[in-house]
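File shown: start-v1.cif (mmCIF, C-alpha atoms).
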```cif
data_input
loop_
_atom_site.label_atom_id
_atom_site.label_comp_id
_atom_site.auth_asym_id
_atom_site.auth_seq_id
_atom_site.Cartn_x
_atom_site.Cartn_y
_atom_site.Cartn_z
CA MET A 70 52.03 26.80 -6.50
CA SER A 71 54.22 23.80 -7.43
CA SER A 72 55.59 23.61 -3.89
CA ASN A 73 52.06 23.20 -2.56
CA ARG A 74 51.24 20.22 -4.74
CA PRO A 75 52.75 17.54 -2.45
CA VAL A 76 50.67 18.91 0.41
CA ALA A 77 47.59 18.92 -1.80
CA ILE A 78 48.26 15.30 -2.83
CA ALA A 79 48.57 14.29 0.82
CA LEU A 80 45.29 16.02 1.64
CA VAL A 81 43.56 14.34 -1.32
CA GLY A 82 44.74 10.96 -0.05
CA LEU A 83 43.49 11.80 3.44
CA PHE A 84 40.08 12.93 2.13
CA LEU A 85 39.71 9.81 -0.04
CA VAL A 86 40.46 7.56 2.93
CA ALA A 87 37.95 9.52 5.01
CA ALA A 88 35.37 9.15 2.21
CA TRP A 89 35.90 5.39 2.09
CA TYR A 90 35.49 4.89 5.84
CA SER A 91 32.67 7.37 6.38
CA THR A 92 28.93 6.74 6.15
CA TRP A 93 27.98 6.43 2.49
CA PHE A 94 24.21 6.71 2.43
CA GLU A 95 21.32 6.78 4.85
CA ILE A 96 18.08 5.15 3.73
CA THR A 97 14.66 5.76 5.23
CA ALA A 98 11.87 3.46 4.06
CA THR A 99 8.22 3.79 5.07
CA GLY A 100 5.51 1.40 3.88
CA THR A 101 1.84 1.64 4.85
CA TYR A 102 -1.00 -0.83 4.30
CA SER A 103 -3.48 1.70 2.97
CA GLU A 104 -6.27 -0.76 2.12
CA GLY A 105 -7.68 -3.81 3.84
CA LEU A 106 -6.13 -3.58 7.30
CA GLU A 107 -7.40 -1.54 10.23
CA ARG A 108 -5.41 1.46 11.51
CA GLU A 109 -3.07 1.30 8.48
CA PRO A 110 -0.05 -0.61 9.87
CA THR A 111 3.22 1.04 8.87
CA ILE A 112 6.65 -0.56 8.44
CA ARG A 113 9.56 1.82 9.02
CA THR A 114 13.12 0.85 8.19
CA GLU A 115 16.30 2.90 8.54
CA TYR A 116 19.44 1.75 6.77
CA ILE A 117 22.98 3.02 7.03
CA ILE A 118 25.35 1.96 4.24
CA ASP A 119 29.14 2.10 4.50
CA ASN A 120 32.05 0.44 2.75
CA SER A 121 31.40 -3.03 4.14
CA GLN A 122 27.89 -3.51 5.46
CA GLU A 123 24.37 -2.22 5.91
CA THR A 124 22.97 -1.72 9.40
CA PHE A 125 19.28 -1.21 9.89
CA GLU A 126 16.54 -0.66 12.42
CA LEU A 127 13.00 -1.89 11.89
CA SER A 128 9.81 -0.79 13.60
CA ILE A 129 6.13 -1.45 12.92
CA GLU A 130 3.45 1.03 13.93
CA ASN A 131 -0.03 -0.36 14.67
CA SER A 132 1.45 -3.82 14.38
CA THR A 133 -1.50 -5.82 15.77
CA PRO A 134 -3.65 -5.72 12.60
CA LEU A 135 -0.61 -6.66 10.52
CA LEU A 136 0.28 -9.59 12.79
CA LEU A 137 -3.33 -10.80 12.64
CA TYR A 138 -3.24 -10.52 8.86
CA TRP A 139 -0.15 -12.72 8.67
CA LEU A 140 -1.68 -15.24 11.09
CA GLN A 141 -5.11 -15.41 9.45
CA ARG A 142 -4.03 -15.76 5.84
CA GLU A 143 -3.11 -19.11 4.30
CA ASP A 144 0.13 -19.52 2.41
CA ILE A 145 -0.88 -20.70 -1.06
CA SER A 146 2.53 -20.63 -2.67
CA PRO A 147 3.00 -23.38 -5.27
CA GLU A 148 4.66 -26.45 -3.84
CA PRO A 149 8.18 -27.12 -5.16
CA THR A 150 8.38 -30.07 -7.53
CA ASP A 151 11.02 -32.79 -7.73
CA GLN A 152 10.85 -33.17 -11.50
CA GLU A 153 13.88 -34.23 -13.49
CA PRO A 154 15.58 -31.30 -15.24
CA THR A 155 14.62 -30.98 -18.88
CA ASP A 156 16.43 -29.59 -21.87
CA SER A 157 14.52 -26.32 -21.52
CA GLU A 158 15.49 -25.69 -17.89
CA PRO A 159 19.13 -24.66 -18.54
CA THR A 160 17.89 -22.07 -21.02
CA SER A 161 15.38 -20.74 -18.49
CA GLN A 162 18.05 -20.54 -15.82
CA THR A 163 20.37 -18.70 -18.16
CA ASN A 164 17.67 -16.19 -18.99
CA SER A 165 16.98 -15.67 -15.29
CA GLU A 166 20.65 -15.03 -14.58
CA GLY A 167 20.85 -12.66 -17.51
CA SER A 168 17.94 -10.60 -16.19
CA ASP A 169 19.69 -10.25 -12.80
CA PRO A 170 23.29 -9.29 -13.58
CA CYS A 171 24.00 -8.41 -9.95
CA SER A 172 22.91 -11.84 -8.66
CA GLY A 173 21.36 -10.13 -5.64
CA SER A 174 24.46 -8.13 -4.73
CA CYS A 175 24.34 -4.93 -6.74
CA LEU A 176 25.55 -2.96 -3.73
CA GLY A 177 28.60 -5.16 -3.39
CA GLN A 178 29.56 -4.45 -6.98
CA ALA A 179 28.95 -0.75 -6.43
CA ARG A 180 31.37 -0.83 -3.48
CA VAL A 181 34.03 -2.28 -5.76
CA GLY A 182 33.37 0.53 -8.23
CA VAL A 183 33.72 3.20 -5.56
CA GLY A 184 37.00 1.71 -4.36
CA LEU A 185 38.40 1.64 -7.90
CA VAL A 186 37.40 5.25 -8.50
CA LEU A 187 39.05 6.46 -5.28
CA VAL A 188 42.30 4.64 -5.99
CA THR A 189 42.33 5.68 -9.65
CA LEU A 190 41.79 9.34 -8.81
CA PHE A 191 44.68 9.38 -6.35
CA ALA A 192 46.97 7.53 -8.79
CA SER A 193 46.11 9.87 -11.66
CA LEU A 194 46.83 12.95 -9.54
CA CYS A 195 50.21 11.50 -8.53
CA LEU A 196 50.90 10.87 -12.20
CA SER A 197 49.97 14.45 -13.06
CA ILE A 198 52.79 15.64 -10.78
CA ARG A 199 55.41 13.21 -12.00
CA ARG A 200 54.52 13.33 -15.69
CA PRO A 201 52.24 16.29 -16.36
CA SER A 202 50.42 16.29 -19.68
CA ARG A 203 47.12 17.42 -21.11
CA LEU A 204 46.07 13.78 -21.48
CA VAL A 205 46.62 13.10 -17.78
CA THR A 206 44.75 16.29 -16.87
CA ALA A 207 41.78 15.20 -18.99
CA ALA A 208 41.91 11.76 -17.38
CA VAL A 209 41.80 13.26 -13.87
CA VAL A 210 38.74 15.36 -14.75
CA ALA A 211 37.02 12.36 -16.34
CA ILE A 212 37.75 10.14 -13.33
CA TRP A 213 36.42 12.73 -10.88
CA LEU A 214 33.21 13.14 -12.90
CA MET A 215 32.83 9.37 -13.17
CA GLY A 216 33.31 9.05 -9.42
CA SER A 217 30.58 11.61 -8.83
CA VAL A 218 28.18 9.55 -10.96
CA VAL A 219 29.11 6.35 -9.14
CA ILE A 220 28.63 7.90 -5.70
CA LEU A 221 25.50 9.92 -6.45
CA ALA A 222 23.68 7.49 -8.75
CA VAL A 223 25.15 4.00 -8.97
CA VAL A 224 25.37 3.36 -5.22
CA PRO A 225 21.79 4.46 -4.37
CA LEU A 226 20.33 2.67 -7.40
CA SER A 227 22.21 -0.48 -6.41
CA ALA A 228 20.86 -0.19 -2.87
CA ALA A 229 17.34 0.15 -4.28
CA ALA A 230 17.86 -2.93 -6.45
CA ASP A 231 19.02 -5.01 -3.49
CA PHE A 232 16.18 -3.63 -1.40
CA GLY A 233 13.74 -4.98 -4.00
CA ILE A 234 11.76 -1.86 -4.84
CA SER A 235 13.13 -1.71 -8.39
CA ASP A 236 11.66 -5.12 -9.27
CA ASP A 237 8.19 -3.63 -9.86
CA GLY A 238 6.66 -6.13 -7.48
CA GLU A 239 7.94 -9.26 -9.23
CA GLU A 240 8.62 -10.96 -5.87
CA SER A 241 7.08 -9.32 -2.82
CA SER A 242 3.65 -7.74 -2.99
CA THR A 243 5.07 -4.78 -1.04
CA GLY A 244 7.99 -4.20 -3.42
CA GLY A 245 10.51 -5.32 -0.81
CA PHE A 246 9.32 -3.18 2.13
CA ASP A 247 8.50 -6.33 4.13
CA THR A 248 11.83 -8.04 3.40
CA ASN A 249 13.07 -7.77 6.99
CA THR A 250 9.77 -8.67 8.64
CA GLN A 251 8.67 -12.13 9.74
CA GLU A 252 6.42 -12.61 6.70
CA THR A 253 6.68 -11.84 3.01
CA VAL A 254 3.58 -12.26 0.86
CA GLU A 255 4.50 -12.87 -2.75
CA VAL A 256 2.75 -11.53 -5.81
CA ASP A 257 1.66 -14.96 -7.07
CA GLN A 258 -0.71 -15.24 -4.09
CA PHE A 259 -2.78 -12.29 -5.30
CA ALA A 260 -5.49 -11.94 -7.91
CA HIS A 261 -5.86 -8.83 -10.11
CA PHE A 262 -2.62 -7.54 -8.70
CA GLU A 263 -1.42 -4.12 -9.86
CA ALA A 264 1.84 -2.43 -8.93
CA ASP A 265 3.44 0.85 -9.87
CA SER A 266 6.84 2.29 -8.99
CA SER A 267 8.47 5.64 -9.70
CA MET A 268 11.49 7.69 -8.76
CA GLY A 269 12.13 11.33 -7.89
CA ILE A 270 15.03 13.56 -6.90
CA SER A 271 14.90 16.17 -4.13
CA PHE A 272 17.21 17.93 -1.67
CA ASP A 273 16.86 14.90 0.62
CA GLY A 274 18.29 12.57 -2.03
CA ILE A 275 16.76 10.05 -4.41
CA SER A 276 13.26 8.87 -3.54
CA PHE A 277 11.58 5.68 -4.77
CA TYR A 278 7.82 5.23 -4.62
CA TYR A 279 5.86 1.98 -4.73
CA GLN A 280 2.12 1.28 -4.79
CA SER A 281 0.33 -2.03 -5.06
CA LEU A 282 -3.26 -3.23 -4.93
CA GLY A 283 -4.74 -6.70 -5.26
CA PHE A 284 -6.92 -9.41 -3.75
CA ASP A 285 -5.01 -11.69 -1.38
CA LEU A 286 -6.23 -15.21 -2.15
CA GLY A 287 -4.71 -16.44 1.11
CA LEU A 288 -7.49 -14.63 3.00
CA LEU A 289 -10.22 -16.55 1.18
CA SER A 290 -11.43 -20.11 1.49
CA GLU A 291 -10.37 -22.47 -1.27
CA ASP A 292 -13.93 -22.54 -2.66
CA ASP A 293 -14.10 -18.74 -3.00
CA ARG A 294 -10.73 -18.16 -4.66
CA GLN A 295 -11.65 -19.12 -8.20
CA GLN A 296 -14.59 -16.72 -8.25
CA VAL A 297 -12.31 -13.83 -7.27
CA ILE A 298 -9.74 -14.93 -9.84
CA ASN A 299 -12.38 -14.95 -12.58
CA SER A 300 -13.82 -11.55 -11.68
CA ALA A 301 -12.63 -8.83 -9.32
CA PRO A 302 -15.39 -8.29 -6.71
CA SER A 303 -16.84 -4.87 -6.10
CA GLU A 304 -17.41 -3.34 -2.69
CA ASP A 305 -19.98 -5.26 -0.60
CA GLU A 306 -19.53 -8.34 -2.80
CA PRO A 307 -18.09 -11.62 -1.41
CA GLY A 308 -14.30 -11.65 -1.61
CA TYR A 309 -13.87 -7.87 -1.49
CA GLU A 310 -12.60 -8.18 2.08
CA SER A 311 -9.40 -9.70 0.67
CA LEU A 312 -8.40 -6.44 -1.03
CA ILE A 313 -4.97 -5.32 0.20
CA GLY A 314 -3.34 -2.02 -0.75
CA PHE A 315 0.18 -0.89 0.04
CA ASP A 316 2.00 2.45 -0.38
CA GLY A 317 5.74 2.77 0.13
CA LYS A 318 8.43 5.43 -0.09
CA MET A 319 12.17 4.99 0.24
CA THR A 320 14.56 7.96 0.36
CA ILE A 321 18.30 7.52 -0.07
CA GLY A 322 20.32 10.49 1.20
CA PRO A 323 24.11 10.88 0.96
CA GLY A 324 26.29 10.62 4.04
CA GLY A 325 29.81 11.85 4.75
CA ILE A 326 31.26 10.27 1.60
CA LEU A 327 29.81 13.04 -0.58
CA THR A 328 31.31 15.82 1.56
CA TRP A 329 34.78 14.28 1.50
CA TRP A 330 34.53 13.61 -2.24
CA LEU A 331 33.57 17.21 -3.01
CA LEU A 332 36.49 18.47 -0.92
CA THR A 333 38.89 16.72 -3.28
CA ALA A 334 37.74 18.92 -6.18
CA PRO A 335 39.53 22.18 -5.23
CA LEU A 336 42.67 20.26 -4.28
CA ALA A 337 42.65 18.40 -7.59
CA ALA A 338 42.20 21.73 -9.39
CA MET A 339 45.21 23.15 -7.53
CA ILE A 340 47.34 20.16 -8.53
CA LEU A 341 46.25 20.34 -12.17
CA LEU A 342 46.88 24.09 -12.36
CA GLY A 343 50.40 23.48 -11.07
CA SER A 344 50.91 20.87 -13.78
CA ARG A 345 49.64 23.35 -16.38
CA GLU A 346 52.12 25.97 -15.26
CA PHE A 347 54.89 23.40 -15.53
CA LEU A 348 53.86 22.59 -19.13
CA GLU A 349 53.73 26.29 -20.06
CA GLU A 350 57.22 26.84 -18.65
CA GLU A 351 58.53 24.07 -20.88
#
```
Is it possible to express this structure as structure tokens?
Amino acid sequence: MSSNRPVAIALVGLFLVAAWYSTWFEITATGTYSEGLEREPTIRTEYIIDNSQETFELSIENSTPLLLYWLQREDISPEPTDQEPTDSEPTSQTNSEGSDPCSGSCLGQARVGVGLVLVTLFASLCLSIRRPSRLVTAAVVAIWLMGSVVILAVVPLSAAADFGISDDGEESSTGGFDTNTQETVEVDQFAHFEADSSMGISFDGISFYYQSLGFDLGLLSEDDRQQVINSAPSEDEPGYESLIGFDGKMTIGPGGILTWWLLTAPLAAMILLGSREFLEEE
């Protein structure tokens, strides 16, 4: 078995390179305006993630009601102020940065993690041949398990964070599903806004769900907004026509990277068994 270990190492290196350059994950996102707009316009986005970029395709079904909605509503975002910075602003900025450790690039950091895991696994297997020991064997197993977690969990969760769905609606009223469209309606332009997000695991991959409901103040005249803010209107009451509901689902499924990664497992086991035989002979 010892004579086969150099071949196994070469194959592991080949599989790791193939894993790095293959498709990592495929993301399918579907968001539907379930309340307020006619014919329920639907935004469909397909992402492909690899080691350097994300490519996507966007389509909108029944787009006319959605385009009319964007044209008819008034943007009531607060105007930026030119106030002098105060002593409290640095603290606020620090807190904001602390709550977003990725700084909008979680996926970029996840790519660095994947690269480190691939290189570390190959280096540890080479070390197990040159200097076999139980400590090195344990390290190889730990690295492979850690790599599995990074590929299966960290990368998709990072993609979801960058997509915006994991923010629970703190920015976009659609949880990020309208990020690549011509308009993004923010939460602060709604009254009585409610949002809920959840996650599930299936054979297709990891799925994220998002639902929101609220009254879009941009659809109302300035005189009617305060009344809706004070009390949510019921059906047939003035202001109820501004109710907008949105349902979204994003599924992240693994690409070729998972197949190539799994193929390294039997080869790594072969290499480690050869190292074990060498230790027993000593």
Checklist entry - Near stretch 209-222 of chain A, within 10 Å and counting only C-alpha atoms, which residues show up once chain neighbours fewer than 3 positions away are dropped, as a PyMOL selection string? => result chain A and resi 93-94+179-180+182-187+189-194+196-197+203-206+225-227+274-275+321-323+326-327+330-331+333-334+337-338+341
Checklist entry - Applied to this file, what does the PyMOL selection byres ((chain A and resi 101-113) around 12) return in terms of residues, put as JSON, numbers by chain? => result {"A": [96, 97, 98, 99, 100, 114, 115, 116, 125, 126, 127, 128, 129, 130, 131, 132, 133, 134, 135, 136, 137, 138, 139, 242, 243, 244, 245, 246, 247, 248, 249, 250, 251, 278, 279, 280, 281, 282, 283, 284, 285, 288, 304, 308, 309, 310, 311, 312, 313, 314, 315, 316, 317, 318, 319, 320]}
Item to check | Within-10 Å shell of (43.0, 15.8, -0.4) in input frame, all atoms listed in the file, as a list of chain:residue names | outcome: A:Val76, A:Ala77, A:Ile78, A:Ala79, A:Leu80, A:Val81, A:Gly82, A:Leu83, A:Phe84, A:Leu85, A:Val86, A:Ala87, A:Phe191, A:Trp329, A:Trp330, A:Leu331, A:Leu332, A:Thr333, A:Ala334, A:Pro335, A:Leu336, A:Ala337
Checklist entry - Do you have the atom CA of A:Ala229-atom CA of A:Phe277 distance handy? => result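 We find that atom CA of A:Ala229 and atom CA of A:Phe277 lie 8.0 Å from each other.
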Checklist entry - Of the residues A:Ala230, A:Thr253, A:Asp273, A:Ala208, which is the one nearest to A:Gly324, using only C-alpha atoms? => result A:Asp273
Item to check | Separation of atom CA of A:Tyr90 from atom CA of A:Met339 in Å | outcome: 24.6 Å
Checklist entry - If you measure from atom CA of A:Phe259 to atom CA of A:Gln296, what distance in Å do you get, rounded to one decimal? => result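 Spanning atom CA of A:Phe259 to atom CA of A:Gln296 is a straight-line distance of 13.0 Å.
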Next on the checklist: Give me the residues near A:Pro75 as an MDAnalysis selection string, where near means some atom within 9 Å (using only C-alpha atoms) and where sequence neighbours in that chain fewer than 5 positions away do not count.
Outcome noted: chainID A and resid 80 195 198 340
What are the nearest atom pairs, with distances in Å to one decimal, for all residues of stretch 188-282 of chain A that come at most 12 Å from stretch 298-302 of chain A, using only C-alpha atoms, set out by chain and rising residue number as a Markdown table?
```
| residue | atom | partner | partner_atom | distance |
| --- | --- | --- | --- | --- |
| A:Asp257 | CA | A:Ile298 | CA | 11.7 |
| A:Gln258 | CA | A:Ile298 | CA | 10.7 |
| A:Phe259 | CA | A:Ile298 | CA | 8.7 |
| A:Ala260 | CA | A:Ile298 | CA | 5.5 |
| A:His261 | CA | A:Ala301 | CA | 6.8 |
| A:Phe262 | CA | A:Ala301 | CA | 10.1 |
| A:Leu282 | CA | A:Ala301 | CA | 11.8 |
```
Checklist entry - Looking at all atoms listed in the file, which of A:Val181, A:Val254, A:Ala88, A:Ile270 is the one that sits closest to A:Glu143? => result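 Looking only at the distances to A:Glu143, the closest residue turns out to be A:Val254.
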